[in-house]
Amino acid sequence: MKTLNRLLPTLVVIAFCYWSIAPLFHPGFFPIHDGEQVGRLHELHLDVVSGQLPPRLSQNLGYGYDYPLFNFYPSFVYYIAEVYHLLGFSYISSIKIMIATGFLLAAIGMYWLSRYYFGRLAGVISAVLYTYASYHSVDVYVRGALPEFWSFVFFPFIFLGFTKIAEKPRTLWTIVTGVLLACFVLTHNLIAMMSSPFILGFLIYLVMITKEKKQFIHSVLISGTLGVLLSAYFWLPSLAEKHNTMVNLLTKELADYSLYFVYPIQFWHSPWGYGGSVPGMGDGISFQIGKVYFLSIIAVFVYALFLFKKYRKTAVLLFLLIFLFVFSLFMQISASKFIWDTLRSVMAYIQFPWRFLEISFFLSSFAIGALFITPFPFLNKKWVLYLQYILGIVMIAFVLYKGVTIFNPSKYLTNVTDQDYVSESVMRWDTSNLSFEYVPNGISTRKSPHGNTIVNITKDQIAKSPFSSITGNMNIQVKKDIPQQKTAFVSVKSNGILQINVYDFPGWHVSIDSKEVSYSSKNALKLLRVPIGRGMHTVTAVFKDTTVRSIGNALSGITMFCIVIFLIVRLRKVK
């Protein structure tokens, strides 16, 4: 019975999530801005089954020329979806189950965090506010920014992890928090970077209230180090090798942050829509935080003033959350441009200042829970508790009423199947045209009608085979075609040039008859080319780790191994 009572609020929170995930039960899929999601899962699956771990290449995206997507694009959410796909679900269903999992975990995490500080009722209220934050729906049902959406999951769990360490430094919580930090980076490295000042602010608060300050700081440093090392296989090569791509160019064009600052009035009211973000106030998507959140934050501020004398720890926490909330809003308006300009080399990759909305909703949802703290500090009376429950029910009802109207896609694509997203023709042209920032630097480009740079390629130029003859008379028999290796038997009747249809990106090695040869990529699409003489030859192109990738892999692998060994030893001692 006690277990049931303890689990009941969590089950209530899960039940309240129904309206956020209800559209996922609809057959088919729905249109989103980032239409690559199903395709990316398919590409990661190809990497997994071909043994390319950790994944680096996408065989079909990038016009079919082995695009180094996963070397730069965080892929944790696709690992989650891949688990569901390996269990037998279709690509579309796996993506939808992954989304539902994200909604549920974010709600549970916020409930646990708010419950720890303010009690069960507060936890439920915070979880509902967090789940039905309008930007939650924007990320899923409008933009389709699923890695960014999954970042919602890690905020409350990371804050709770550090709280547990501050309560009583324990090795297990130190490790768990380190793993959470690594997963956060691997989910969305930009959101993780953006959130660092806010996490630091919370850590300063915890240092102030904890009795074992030195031990806490020591544990925090260990957690941070674990997070950095566990995710090193991704962030280290991503930073070191991005100069080989054209991503720096694209951040200076349509994705320039200076074009997308939010007007303050848009936080109060911004019409719901399924369009895009544009310069000025004509945005097709909503940046609204909403009246309930703003009015409640004002109430929290007044409440904190009353708490300050007798309940200083709680009051300071609320003042901190409100300050960080206001700062997150400031970072989205043009008044903060001097910060963006000063840190341009880093901030340019964020592209859209309104991405800070995610942090705004986390902080506000957490802080608002304090209004429902139990027992109420000033009047520990039954009627006060009843009033809190009534106000809580009214707030939940209003939030759900608004949520039901916006937690829906623009329409449903009922008849689509996996093949509509993962067939070679779709992946190598339609989907590839949506995103190409990691193609090789120096590739042939042109300006689109919108004035931005795009790859200078036509549909008849997309890869149709891993090998092709440029000059000479030769017959090519493909023997192996997986993301990280291409092998063919080539019968050459007259000397010529053989092209391996992969982009020139560090790590490719070409051999003819088991002897490594140098290649050239001085062509429009930066593809590998080798001279080949008469006779029968076996040509192989293999993608190997560079030094920086090997170092990253080693750091992550050794750290993971040490954690597993530690946990095994710890478990044996407990037994």
# chains A, B, ... in the order shown; residues from 1 in each chain; ligands from 1

$ residues_around --residues "range 541-546 of chain A" --least-positions-apart "4" --cutoff "7 Å" --atoms "only C-alpha atoms" --output "list in words"
Gln484, Gln485, Lys486, Thr487, Pro506, Gly507, Trp508, His509, Val510, Ser511 and Ser550 of chain A

$ closest_atom_pairs --of "range 84-174 of chain A" --to "range 179-198 of chain A" --cutoff "8 Å" --atoms "only C-alpha atoms" --output "Markdown table"
| residue | atom | partner | partner_atom | distance |
| --- | --- | --- | --- | --- |
| A:Pro147 | CA | A:Thr187 | CA | 5.5 |
| A:Glu148 | CA | A:His188 | CA | 5.9 |
| A:Trp150 | CA | A:Thr187 | CA | 6.9 |
| A:Ser151 | CA | A:Thr187 | CA | 6.5 |
| A:Phe154 | CA | A:Phe184 | CA | 6.1 |
| A:Phe157 | CA | A:Leu180 | CA | 7.5 |
| A:Ile158 | CA | A:Leu180 | CA | 6.4 |

$ write_last_selection --atoms "all heavy atoms" --output "PDB file, in the first residue's frame"
ATOM      1  N   PRO A 147      16.140  15.988 -31.384  1.00  0.00           N
ATOM      2  CA  PRO A 147      17.222  16.061 -30.395  1.00  0.00           C
ATOM      3  C   PRO A 147      17.027  17.214 -29.415  1.00  0.00           C
ATOM      4  O   PRO A 147      17.244  17.069 -28.211  1.00  0.00           O
ATOM      5  CB  PRO A 147      18.475  16.249 -31.253  1.00  0.00           C
ATOM      6  CG  PRO A 147      18.123  15.621 -32.566  1.00  0.00           C
ATOM      7  CD  PRO A 147      16.679  15.959 -32.762  1.00  0.00           C
ATOM      8  N   GLU A 148      16.602  18.373 -29.933  1.00  0.00           N
ATOM      9  CA  GLU A 148      16.344  19.510 -29.053  1.00  0.00           C
ATOM     10  C   GLU A 148      15.188  19.196 -28.106  1.00  0.00           C
ATOM     11  O   GLU A 148      15.226  19.524 -26.920  1.00  0.00           O
ATOM     12  CB  GLU A 148      16.035  20.748 -29.886  1.00  0.00           C
ATOM     13  CG  GLU A 148      15.884  22.019 -29.070  1.00  0.00           C
ATOM     14  CD  GLU A 148      15.770  23.248 -29.942  1.00  0.00           C
ATOM     15  OE1 GLU A 148      16.543  23.373 -30.911  1.00  0.00           O
ATOM     16  OE2 GLU A 148      14.899  24.086 -29.649  1.00  0.00           O
ATOM     17  N   TRP A 150      14.355  16.311 -26.941  1.00  0.00           N
ATOM     18  CA  TRP A 150      14.805  15.369 -25.913  1.00  0.00           C
ATOM     19  C   TRP A 150      15.681  16.041 -24.861  1.00  0.00           C
ATOM     20  O   TRP A 150      15.868  15.506 -23.762  1.00  0.00           O
ATOM     21  CB  TRP A 150      15.544  14.192 -26.557  1.00  0.00           C
ATOM     22  CG  TRP A 150      14.748  12.924 -26.486  1.00  0.00           C
ATOM     23  CD1 TRP A 150      13.691  12.581 -27.277  1.00  0.00           C
ATOM     24  CD2 TRP A 150      14.927  11.856 -25.559  1.00  0.00           C
ATOM     25  NE1 TRP A 150      13.209  11.355 -26.921  1.00  0.00           N
ATOM     26  CE2 TRP A 150      13.951  10.884 -25.860  1.00  0.00           C
ATOM     27  CE3 TRP A 150      15.812  11.605 -24.538  1.00  0.00           C
ATOM     28  CZ2 TRP A 150      13.840   9.693 -25.156  1.00  0.00           C
ATOM     29  CZ3 TRP A 150      15.710  10.415 -23.826  1.00  0.00           C
ATOM     30  CH2 TRP A 150      14.724   9.485 -24.135  1.00  0.00           C
ATOM     31  N   SER A 151      16.196  17.241 -25.156  1.00  0.00           N
ATOM     32  CA  SER A 151      16.953  17.974 -24.140  1.00  0.00           C
ATOM     33  C   SER A 151      16.076  18.303 -22.938  1.00  0.00           C
ATOM     34  O   SER A 151      16.569  18.459 -21.814  1.00  0.00           O
ATOM     35  CB  SER A 151      17.519  19.271 -24.734  1.00  0.00           C
ATOM     36  OG  SER A 151      18.409  18.993 -25.785  1.00  0.00           O
ATOM     37  N   PHE A 154      16.654  16.066 -19.866  1.00  0.00           N
ATOM     38  CA  PHE A 154      17.849  16.054 -19.025  1.00  0.00           C
ATOM     39  C   PHE A 154      17.933  17.206 -18.034  1.00  0.00           C
ATOM     40  O   PHE A 154      18.613  17.084 -17.011  1.00  0.00           O
ATOM     41  CB  PHE A 154      19.097  15.996 -19.913  1.00  0.00           C
ATOM     42  CG  PHE A 154      19.196  14.702 -20.670  1.00  0.00           C
ATOM     43  CD1 PHE A 154      18.874  14.642 -22.014  1.00  0.00           C
ATOM     44  CD2 PHE A 154      19.561  13.537 -20.020  1.00  0.00           C
ATOM     45  CE1 PHE A 154      18.937  13.439 -22.709  1.00  0.00           C
ATOM     46  CE2 PHE A 154      19.635  12.333 -20.700  1.00  0.00           C
ATOM     47  CZ  PHE A 154      19.316  12.288 -22.042  1.00  0.00           C
ATOM     48  N   PHE A 157      16.578  16.076 -14.527  1.00  0.00           N
ATOM     49  CA  PHE A 157      17.369  14.978 -13.964  1.00  0.00           C
ATOM     50  C   PHE A 157      18.761  15.454 -13.549  1.00  0.00           C
ATOM     51  O   PHE A 157      19.288  15.013 -12.520  1.00  0.00           O
ATOM     52  CB  PHE A 157      17.466  13.838 -14.969  1.00  0.00           C
ATOM     53  CG  PHE A 157      16.243  12.973 -15.033  1.00  0.00           C
ATOM     54  CD1 PHE A 157      15.413  12.990 -16.148  1.00  0.00           C
ATOM     55  CD2 PHE A 157      15.906  12.144 -13.970  1.00  0.00           C
ATOM     56  CE1 PHE A 157      14.287  12.198 -16.205  1.00  0.00           C
ATOM     57  CE2 PHE A 157      14.774  11.341 -14.013  1.00  0.00           C
ATOM     58  CZ  PHE A 157      13.950  11.376 -15.139  1.00  0.00           C
ATOM     59  N   ILE A 158      19.367  16.352 -14.330  1.00  0.00           N
ATOM     60  CA  ILE A 158      20.687  16.873 -13.971  1.00  0.00           C
ATOM     61  C   ILE A 158      20.604  17.741 -12.719  1.00  0.00           C
ATOM     62  O   ILE A 158      21.430  17.628 -11.806  1.00  0.00           O
ATOM     63  CB  ILE A 158      21.296  17.650 -15.153  1.00  0.00           C
ATOM     64  CG1 ILE A 158      21.704  16.671 -16.264  1.00  0.00           C
ATOM     65  CG2 ILE A 158      22.500  18.481 -14.713  1.00  0.00           C
ATOM     66  CD1 ILE A 158      22.110  17.337 -17.563  1.00  0.00           C
TER      67      ILE A 158
END

$ residues_around --residues "Pro9 in chain A" --least-positions-apart "3" --cutoff "8 Å" --atoms "only C-alpha atoms" --output "PyMOL selection string"
chain A and resi 5-6+12-13+120+124

$ write_last_selection --atoms "N, CA, C and O atoms" --output "compact mmCIF listing (two decimals), in the first residue's frame"
# COMPACT_ATOMS: atom_id res chain seq x y z
N ASN A 5 0.99 4.28 -2.78
CA ASN A 5 0.85 5.70 -2.45
C ASN A 5 2.03 6.52 -2.95
O ASN A 5 1.89 7.67 -3.36
N ARG A 6 3.22 5.89 -2.91
CA ARG A 6 4.41 6.59 -3.37
C ARG A 6 4.42 6.73 -4.89
O ARG A 6 4.89 7.71 -5.45
N VAL A 12 -0.09 9.54 -11.94
CA VAL A 12 -0.97 10.66 -12.30
C VAL A 12 -0.28 11.55 -13.33
O VAL A 12 -0.88 11.98 -14.32
N VAL A 13 1.01 11.83 -13.11
CA VAL A 13 1.78 12.64 -14.04
C VAL A 13 1.83 11.97 -15.41
O VAL A 13 1.63 12.62 -16.45
N ARG A 120 4.72 16.80 -3.20
CA ARG A 120 4.07 16.04 -4.29
C ARG A 120 3.15 16.88 -5.15
O ARG A 120 3.17 16.79 -6.38
N VAL A 124 3.50 17.59 -9.25
CA VAL A 124 2.51 17.32 -10.30
C VAL A 124 2.26 18.59 -11.12
O VAL A 124 2.22 18.55 -12.36

$ atom_distance --atom1 "CA of Asn501 in chain A" --atom2 "CA of Glu241 in chain A"
20.7 Å

$ closest_residue --among "A:Val176, A:Leu259, A:Met427, A:Cys562" --to "Gly227 in chain A" --atoms "only C-alpha atoms"
A:Val176

$ closest_residue --among "A:Ile285, A:Ile373, A:Ile551, A:Leu498" --to "Thr471 in chain A" --atoms "only C-alpha atoms"
A:Leu498

$ residues_around --residues "Leu41 in chain A" --least-positions-apart "2" --cutoff "9 Å" --atoms "only C-alpha atoms" --output "list in words"
Glu36, Gln37, Val38, Gly39, Glu43, Leu44, His45, Leu46, Ser75, Val77, Tyr78, Tyr79, Ala81, Glu82, His85, Tyr91, Ser94 and Ile95 of chain A

$ residues_around --residues "Lys168 in chain A" --least-positions-apart "3" --cutoff "10 Å" --atoms "only C-alpha atoms" --output "list in words"
Thr163, Lys164, Ile165, Thr171, Trp173, Thr210, Lys211, Glu212, Gln215 and Phe216 of chain A

$ write_last_selection --atoms "all heavy atoms" --output "short mmCIF file (atom, residue, chain, number, x, y, z; two decimals), in the first residue's frame"
data_model
loop_
_atom_site.label_atom_id
_atom_site.label_comp_id
_atom_site.auth_asym_id
_atom_site.auth_seq_id
_atom_site.Cartn_x
_atom_site.Cartn_y
_atom_site.Cartn_z
N THR A 163 21.51 17.99 -6.89
CA THR A 163 20.86 18.18 -5.58
C THR A 163 21.14 17.02 -4.66
O THR A 163 21.45 17.20 -3.46
CB THR A 163 19.34 18.34 -5.78
OG1 THR A 163 19.07 19.50 -6.58
CG2 THR A 163 18.63 18.48 -4.43
N LYS A 164 21.06 15.81 -5.21
CA LYS A 164 21.33 14.62 -4.40
C LYS A 164 22.77 14.58 -3.92
O LYS A 164 23.06 14.17 -2.79
CB LYS A 164 21.01 13.36 -5.22
CG LYS A 164 19.53 13.13 -5.46
CD LYS A 164 18.83 12.68 -4.19
CE LYS A 164 17.41 12.23 -4.46
NZ LYS A 164 16.75 11.78 -3.21
N ILE A 165 23.69 15.03 -4.76
CA ILE A 165 25.10 15.07 -4.37
C ILE A 165 25.30 16.08 -3.25
O ILE A 165 26.05 15.85 -2.30
CB ILE A 165 25.99 15.43 -5.57
CG1 ILE A 165 25.92 14.33 -6.65
CG2 ILE A 165 27.44 15.62 -5.14
CD1 ILE A 165 26.62 14.69 -7.94
N THR A 171 29.07 8.39 -4.21
CA THR A 171 29.74 8.03 -5.46
C THR A 171 28.73 7.66 -6.54
O THR A 171 28.89 8.04 -7.71
CB THR A 171 30.70 6.85 -5.22
OG1 THR A 171 31.59 7.18 -4.17
CG2 THR A 171 31.48 6.53 -6.47
N TRP A 173 25.57 8.69 -7.05
CA TRP A 173 24.93 9.86 -7.66
C TRP A 173 25.93 10.67 -8.47
O TRP A 173 25.57 11.29 -9.48
CB TRP A 173 24.27 10.73 -6.59
CG TRP A 173 22.87 10.32 -6.29
CD1 TRP A 173 22.40 9.70 -5.16
CD2 TRP A 173 21.74 10.46 -7.16
NE1 TRP A 173 21.05 9.45 -5.27
CE2 TRP A 173 20.62 9.91 -6.49
CE3 TRP A 173 21.56 10.99 -8.44
CZ2 TRP A 173 19.35 9.89 -7.05
CZ3 TRP A 173 20.29 10.96 -9.01
CH2 TRP A 173 19.22 10.42 -8.32
N THR A 210 24.97 23.66 1.07
CA THR A 210 25.46 22.36 1.53
C THR A 210 26.47 22.53 2.66
O THR A 210 27.22 23.52 2.71
CB THR A 210 26.09 21.55 0.37
OG1 THR A 210 26.40 20.24 0.83
CG2 THR A 210 27.37 22.22 -0.11
N LYS A 211 26.51 21.59 3.55
CA LYS A 211 27.44 21.63 4.68
C LYS A 211 28.81 21.12 4.27
O LYS A 211 29.83 21.59 4.77
CB LYS A 211 26.89 20.81 5.84
CG LYS A 211 25.61 21.38 6.43
CD LYS A 211 25.08 20.49 7.55
CE LYS A 211 23.79 21.05 8.15
NZ LYS A 211 23.26 20.17 9.22
N GLU A 212 28.84 20.15 3.38
CA GLU A 212 30.11 19.54 2.97
C GLU A 212 30.56 20.15 1.64
O GLU A 212 30.54 19.49 0.60
CB GLU A 212 29.96 18.02 2.87
CG GLU A 212 29.47 17.39 4.17
CD GLU A 212 29.24 15.89 4.02
OE1 GLU A 212 30.07 15.23 3.38
OE2 GLU A 212 28.23 15.40 4.54
N GLN A 215 33.63 18.55 -0.35
CA GLN A 215 33.29 17.23 -0.91
C GLN A 215 32.30 17.37 -2.06
O GLN A 215 32.37 16.65 -3.06
CB GLN A 215 32.71 16.34 0.19
CG GLN A 215 32.70 14.87 -0.20
CD GLN A 215 32.37 13.97 0.97
OE1 GLN A 215 32.31 14.42 2.11
NE2 GLN A 215 32.15 12.70 0.69
N PHE A 216 31.37 18.33 -1.91
CA PHE A 216 30.40 18.57 -2.97
C PHE A 216 31.10 19.06 -4.24
O PHE A 216 30.85 18.56 -5.34
CB PHE A 216 29.35 19.58 -2.52
CG PHE A 216 28.43 20.04 -3.63
CD1 PHE A 216 27.51 19.16 -4.18
CD2 PHE A 216 28.51 21.32 -4.14
CE1 PHE A 216 26.66 19.56 -5.20
CE2 PHE A 216 27.68 21.74 -5.17
CZ PHE A 216 26.75 20.85 -5.70
#

$ closest_residue --among "A:Trp272, A:Phe330, A:Trp354, A:Phe29" --to "Ile92 in chain A" --atoms "only C-alpha atoms"
A:Phe29

$ residues_around --residues "Gly275 in chain A" --least-positions-apart "4" --cutoff "12 Å" --atoms "only C-alpha atoms" --output "CSV table (one decimal) with C-alpha atoms, in the first residue's frame"
chain,number,residue,atom,x,y,z
A,31,PRO,CA,4.7,17.0,-41.7
A,32,ILE,CA,7.6,18.7,-39.8
A,33,HIS,CA,10.2,21.2,-40.8
A,138,VAL,CA,6.9,23.5,-31.4
A,141,TYR,CA,4.8,18.9,-34.0
A,142,VAL,CA,6.1,22.0,-35.9
A,143,ARG,CA,9.8,22.0,-36.2
A,271,PRO,CA,-0.1,33.4,-32.5
A,282,GLY,CA,6.0,37.9,-39.0
A,283,ASP,CA,7.1,34.5,-37.6
A,284,GLY,CA,5.0,31.5,-38.6
A,285,ILE,CA,5.7,29.7,-35.2
A,286,SER,CA,4.9,30.8,-31.7
A,409,PRO,CA,0.4,18.5,-36.0
A,410,SER,CA,-0.8,20.7,-38.9

$ closest_residue --among "A:Ile443, A:Ile333, A:Leu385, A:Leu86" --to "Ile457 in chain A" --atoms "only C-alpha atoms"
A:Ile443

$ select_by_dssp --residues "range 440-539 of chain A" --states "strand (DSSP E or B)" --output "VMD selection string"
chain A and resid 440 445 to 447 453 to 455 467 to 482 485 to 503 508 to 512 515 to 517 520 527 to 532 535 to 539

$ atom_distance --atom1 "CA of Phe352 in chain A" --atom2 "CA of Phe261 in chain A"
7.4 Å

$ closest_residue --among "A:Gly123, A:Gly451, A:Gly496, A:Gly51" --to "Ile368 in chain A" --atoms "only C-alpha atoms"
A:Gly123

$ residues_around --residues "range 314-323 of chain A" --least-positions-apart "3" --cutoff "6 Å" --atoms "only C-alpha atoms" --output "PDB file with all heavy atoms, in the first residue's frame"
ATOM      1  N   ALA A 304       8.348  34.663  -2.597  1.00  0.00           N
ATOM      2  CA  ALA A 304       9.730  34.546  -2.126  1.00  0.00           C
ATOM      3  C   ALA A 304      10.097  35.685  -1.178  1.00  0.00           C
ATOM      4  O   ALA A 304      10.878  35.500  -0.239  1.00  0.00           O
ATOM      5  CB  ALA A 304      10.679  34.523  -3.320  1.00  0.00           C
ATOM      6  N   LEU A 307       8.919  34.694   2.104  1.00  0.00           N
ATOM      7  CA  LEU A 307       9.656  33.548   2.637  1.00  0.00           C
ATOM      8  C   LEU A 307      11.046  33.921   3.152  1.00  0.00           C
ATOM      9  O   LEU A 307      11.617  33.204   3.977  1.00  0.00           O
ATOM     10  CB  LEU A 307       9.823  32.479   1.547  1.00  0.00           C
ATOM     11  CG  LEU A 307       8.612  31.643   1.151  1.00  0.00           C
ATOM     12  CD1 LEU A 307       8.978  30.744  -0.023  1.00  0.00           C
ATOM     13  CD2 LEU A 307       8.113  30.806   2.313  1.00  0.00           C
ATOM     14  N   PHE A 308      11.574  35.053   2.662  1.00  0.00           N
ATOM     15  CA  PHE A 308      12.997  35.329   2.850  1.00  0.00           C
ATOM     16  C   PHE A 308      13.427  35.347   4.318  1.00  0.00           C
ATOM     17  O   PHE A 308      14.513  34.891   4.661  1.00  0.00           O
ATOM     18  CB  PHE A 308      13.363  36.663   2.185  1.00  0.00           C
ATOM     19  CG  PHE A 308      14.831  36.901   2.128  1.00  0.00           C
ATOM     20  CD1 PHE A 308      15.624  36.213   1.220  1.00  0.00           C
ATOM     21  CD2 PHE A 308      15.447  37.794   3.001  1.00  0.00           C
ATOM     22  CE1 PHE A 308      16.987  36.410   1.176  1.00  0.00           C
ATOM     23  CE2 PHE A 308      16.815  38.005   2.956  1.00  0.00           C
ATOM     24  CZ  PHE A 308      17.585  37.308   2.041  1.00  0.00           C
ATOM     25  N   TYR A 311      12.417  31.386   5.811  1.00  0.00           N
ATOM     26  CA  TYR A 311      12.754  30.235   4.960  1.00  0.00           C
ATOM     27  C   TYR A 311      13.711  30.699   3.857  1.00  0.00           C
ATOM     28  O   TYR A 311      13.379  30.709   2.671  1.00  0.00           O
ATOM     29  CB  TYR A 311      11.481  29.622   4.361  1.00  0.00           C
ATOM     30  CG  TYR A 311      10.455  29.224   5.390  1.00  0.00           C
ATOM     31  CD1 TYR A 311       9.430  30.107   5.743  1.00  0.00           C
ATOM     32  CD2 TYR A 311      10.518  27.985   6.017  1.00  0.00           C
ATOM     33  CE1 TYR A 311       8.486  29.743   6.693  1.00  0.00           C
ATOM     34  CE2 TYR A 311       9.570  27.615   6.967  1.00  0.00           C
ATOM     35  CZ  TYR A 311       8.573  28.508   7.302  1.00  0.00           C
ATOM     36  OH  TYR A 311       7.642  28.144   8.252  1.00  0.00           O
ATOM     37  N   VAL A 326      14.606  35.279 -16.166  1.00  0.00           N
ATOM     38  CA  VAL A 326      14.673  36.589 -16.825  1.00  0.00           C
ATOM     39  C   VAL A 326      15.899  36.660 -17.735  1.00  0.00           C
ATOM     40  O   VAL A 326      15.830  37.180 -18.859  1.00  0.00           O
ATOM     41  CB  VAL A 326      14.710  37.717 -15.773  1.00  0.00           C
ATOM     42  CG1 VAL A 326      14.961  39.071 -16.444  1.00  0.00           C
ATOM     43  CG2 VAL A 326      13.399  37.753 -14.989  1.00  0.00           C
ATOM     44  N   LEU A 363      12.863  26.555 -16.199  1.00  0.00           N
ATOM     45  CA  LEU A 363      13.027  27.354 -14.988  1.00  0.00           C
ATOM     46  C   LEU A 363      11.683  27.824 -14.444  1.00  0.00           C
ATOM     47  O   LEU A 363      11.445  27.786 -13.228  1.00  0.00           O
ATOM     48  CB  LEU A 363      13.929  28.554 -15.283  1.00  0.00           C
ATOM     49  CG  LEU A 363      15.378  28.212 -15.647  1.00  0.00           C
ATOM     50  CD1 LEU A 363      16.080  29.424 -16.239  1.00  0.00           C
ATOM     51  CD2 LEU A 363      16.131  27.703 -14.426  1.00  0.00           C
TER      52      LEU A 363
END

$ atom_distance --atom1 "CA of Ile289 in chain A" --atom2 "CA of Phe267 in chain A"
5.1 Å

$ closest_residue --among "A:Tyr260, A:Tyr84, A:Phe505, A:Phe372" --to "Gly392 in chain A" --atoms "only C-alpha atoms"
A:Phe372

$ select_by_dssp --residues "range 521-571 of chain A" --states "alpha helix (DSSP H)" --output "JSON, numbers by chain"
{"A": [547, 548, 549, 550, 551, 552, 553, 554, 555, 556, 557, 558, 559, 560, 561, 562, 563, 564, 565, 566, 567, 568, 569, 570, 571]}
